[in-house]
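Colleague: After the structure tokens below, expect a handful of questions from me.
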Protein chains: 2
Amino acid sequence: MEQSEQVAKAFVDHYYTTFDTNRAGLSNLYQENSMLSFEGQKFLGGQNIVGKLTSLPFEQCKHSITTIDCQLSGPNGTTLIVFVSGNLQLAGEQHPLKFSQMFYLLPTPQGSFYVQNDIFRLNYA
Amino acid sequence: MEQSEQVAKAFVDHYYTTFDTNRAGLSNLYQENSMLSFEGQKFLGGQNIVGKLTSLPFEQCKHSITTIDCQLSGPNGTTLIVFVSGNLQLAGEQHPLKFSQMFYLLPTPQGSFYVQNDIFRLNYA
């Protein structure tokens, strides 16, 4: 596996595990200039983004990942685009929801990444 | 509508109209450093990308767009991320295929955009 794919997989594992167990903990992954489009609604900045995610009208959920694609981008290939498809199971619902999501990840001075751009869509059948 | 949304919509209209009527014409939208991930297969450079797209095993198709999301990104917000969901109808097939696709668009000196990153996935039910 390429190194970028390893990074993408580690990010995806971390992101959705955090989402499913401690949604407020996602605030570490966003910064002030981060953007989220969630089902067409736009949010700017980590505080607004995590405010949206923590106020979604379900308490418990479980993401199952179907595909992960990643590409390097940006100056000198220092940024990472991650594209995910999967299923979202909400507590008490019989059928999971299909979703697609993309992340544009920028490097931090600490050698990690944060989410600059995040776009989420449910894929209705 | 924000200007970036107008640009995204114009790009999407142009891209899929070209795909459905003159697939080889997509070569104008890619450059040597462009990347495509198509159902998990990676292609680098406009020639390889358009080679893949023109060799797909169907002659006629029709994309119908369901959602378009866009966000500015990159240095000074000069780049554009476009995220699309829709249906792909192949000639002779009864049911359309659902797909998601994202484009990372970089500005050209001519004031237009080209596709730096392109990730395509079918959303199987």
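The way I read the labels, and the way they are meant: chains A, B, ... in the order of the structure tokens, residue 1 as the first residue of every chain, and ligand 1 as the first ligand shown, with later ones counted on from there.
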As a list in words, please: the residues near Ala91 of chain B (cut-off 10 Å, only C-alpha atoms, same-chain neighbours under 2 positions excluded).
Modeller: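 Result of the neighbour search: Phe58, Glu59, Gln60, Cys61, Lys62, Leu88, Gln89, Glu93, Gln94, His95 and Pro96 of chain B.
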Colleague: Selection from above, C-alpha atoms, as an mmCIF file, in the first residue's frame, can you write it?
Modeller:
```cif
data_model
loop_
_atom_site.group_PDB
_atom_site.id
_atom_site.type_symbol
_atom_site.label_atom_id
_atom_site.label_comp_id
_atom_site.auth_asym_id
_atom_site.auth_seq_id
_atom_site.Cartn_x
_atom_site.Cartn_y
_atom_site.Cartn_z
ATOM 1 C CA PHE B 58 -20.362 1.468 -23.336
ATOM 2 C CA GLU B 59 -20.889 3.764 -26.265
ATOM 3 C CA GLN B 60 -23.802 5.855 -25.174
ATOM 4 C CA CYS B 61 -24.648 7.147 -21.740
ATOM 5 C CA LYS B 62 -26.524 9.948 -20.079
ATOM 6 C CA LEU B 88 -25.777 7.279 -15.029
ATOM 7 C CA GLN B 89 -28.042 5.714 -17.638
ATOM 8 C CA GLU B 93 -29.829 -0.907 -19.533
ATOM 9 C CA GLN B 94 -33.136 -0.756 -17.705
ATOM 10 C CA HIS B 95 -31.992 0.953 -14.519
ATOM 11 C CA PRO B 96 -29.589 3.845 -14.080
#
```
Colleague: If DSSP is run on the backbone, what residues of chain A are strand (DSSP E or B)? A reply as number ranges by chain would be ideal.
Modeller: A: 30-38, 41-44, 61-73, 79-90, 97-107, 113-122
Colleague: Set the distance at 10 Å and use only C-alpha atoms: which residues neighbour Leu80 of chain B once local chain neighbours fewer than 3 positions away are removed? I'd like the list as a list in words.
Modeller: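 The residues that qualify are Ser4, Glu5, Val7, Ala8, Cys70, Gln71, Leu72, Ser73, Gly74, Gly77, Phe83, Phe103, Tyr104, Leu105, Leu106, Pro107, Phe113 and Val115 of chain B.
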Colleague: Going by DSSP on the backbone, which bits of segment 32-115 of chain B are helix (DSSP H, G or I)? Write them as number ranges by chain, please.
Modeller: B: 46-54, 75-77
Colleague: Which residues of chain A have any atom within 8 Å of an atom in chain B when counting only C-alpha atoms, and what is the closest pair of atoms for each, with the distance in Å to one decimal? Order the rows by chain and rising number and write it as JSON lines.
Modeller:
```
{"residue": "A:Met35", "atom": "CA", "partner": "B:Gln71", "partner_atom": "CA", "distance": 7.6}
{"residue": "A:Ser37", "atom": "CA", "partner": "B:Asp69", "partner_atom": "CA", "distance": 7.2}
{"residue": "A:Gly40", "atom": "CA", "partner": "B:Asp69", "partner_atom": "CA", "distance": 6.6}
{"residue": "A:Asp69", "atom": "CA", "partner": "B:Gly40", "partner_atom": "CA", "distance": 6.6}
{"residue": "A:Gln71", "atom": "CA", "partner": "B:Asn117", "partner_atom": "CA", "distance": 7.3}
{"residue": "A:Ser73", "atom": "CA", "partner": "B:Asn117", "partner_atom": "CA", "distance": 7.2}
{"residue": "A:Gly74", "atom": "CA", "partner": "B:Gly74", "partner_atom": "CA", "distance": 7.4}
{"residue": "A:Phe83", "atom": "CA", "partner": "B:Ile119", "partner_atom": "CA", "distance": 7.4}
{"residue": "A:Ser85", "atom": "CA", "partner": "B:Asn123", "partner_atom": "CA", "distance": 7.7}
{"residue": "A:Ser100", "atom": "CA", "partner": "B:Ser100", "partner_atom": "CA", "distance": 7.0}
{"residue": "A:Met102", "atom": "CA", "partner": "B:Met102", "partner_atom": "CA", "distance": 7.8}
{"residue": "A:Gln116", "atom": "CA", "partner": "B:Ser73", "partner_atom": "CA", "distance": 7.5}
{"residue": "A:Asn117", "atom": "CA", "partner": "B:Ser73", "partner_atom": "CA", "distance": 7.2}
{"residue": "A:Ile119", "atom": "CA", "partner": "B:Phe83", "partner_atom": "CA", "distance": 7.4}
{"residue": "A:Asn123", "atom": "CA", "partner": "B:Asn123", "partner_atom": "CA", "distance": 7.6}
{"residue": "A:Ala125", "atom": "CA", "partner": "B:Ala125", "partner_atom": "CA", "distance": 6.9}
```
Colleague: In Å to one decimal, how far is atom CA of Glu32 of chain B from atom CA of Gly111 of chain B?
Modeller: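 Taking atom CA of Gly111 of chain B as the start and atom CA of Glu32 of chain B as the end point, the length is 18.4 Å.
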Colleague: Find the residues near Leu26 of chain B: any atom within 7 Å, counting only C-alpha atoms, skip ones fewer than 6 places away on the same chain, and give them as a ChimeraX atom specification.
Modeller: /B:18-19,50
Colleague: I need the residues from that last selection saved to file as an mmCIF file, in the first residue's frame (with all heavy atoms), if you can.
Modeller:
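This is the output file part_29.cif:
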```
data_model
loop_
_atom_site.group_PDB
_atom_site.id
_atom_site.type_symbol
_atom_site.label_atom_id
_atom_site.label_comp_id
_atom_site.auth_asym_id
_atom_site.auth_seq_id
_atom_site.Cartn_x
_atom_site.Cartn_y
_atom_site.Cartn_z
ATOM 1 N N THR B 18 -20.223 17.046 -22.226
ATOM 2 C CA THR B 18 -19.110 16.590 -23.066
ATOM 3 C C THR B 18 -18.946 15.079 -22.944
ATOM 4 O O THR B 18 -18.755 14.370 -23.944
ATOM 5 C CB THR B 18 -17.813 17.311 -22.664
ATOM 6 O OG1 THR B 18 -18.024 18.719 -22.735
ATOM 7 C CG2 THR B 18 -16.668 16.928 -23.582
ATOM 8 N N PHE B 19 -19.017 14.558 -21.728
ATOM 9 C CA PHE B 19 -18.892 13.108 -21.512
ATOM 10 C C PHE B 19 -19.937 12.362 -22.337
ATOM 11 O O PHE B 19 -19.637 11.336 -22.970
ATOM 12 C CB PHE B 19 -19.065 12.797 -20.023
ATOM 13 C CG PHE B 19 -18.577 11.434 -19.613
ATOM 14 C CD1 PHE B 19 -17.505 11.306 -18.733
ATOM 15 C CD2 PHE B 19 -19.183 10.271 -20.079
ATOM 16 C CE1 PHE B 19 -17.035 10.057 -18.345
ATOM 17 C CE2 PHE B 19 -18.720 9.019 -19.688
ATOM 18 C CZ PHE B 19 -17.654 8.911 -18.830
ATOM 19 N N VAL B 50 -8.139 10.298 -20.317
ATOM 20 C CA VAL B 50 -9.128 10.285 -21.400
ATOM 21 C C VAL B 50 -9.087 8.939 -22.127
ATOM 22 O O VAL B 50 -10.109 8.450 -22.600
ATOM 23 C CB VAL B 50 -8.910 11.485 -22.345
ATOM 24 C CG1 VAL B 50 -9.874 11.428 -23.514
ATOM 25 C CG2 VAL B 50 -9.112 12.783 -21.569
#
```
Colleague: Between atom CA of Glu2 of chain A and atom CA of Leu56 of chain B, what distance in Å does the model show, to one decimal?
Modeller: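 Value for the atom CA of Glu2 of chain A-atom CA of Leu56 of chain B distance: 26.2 Å.
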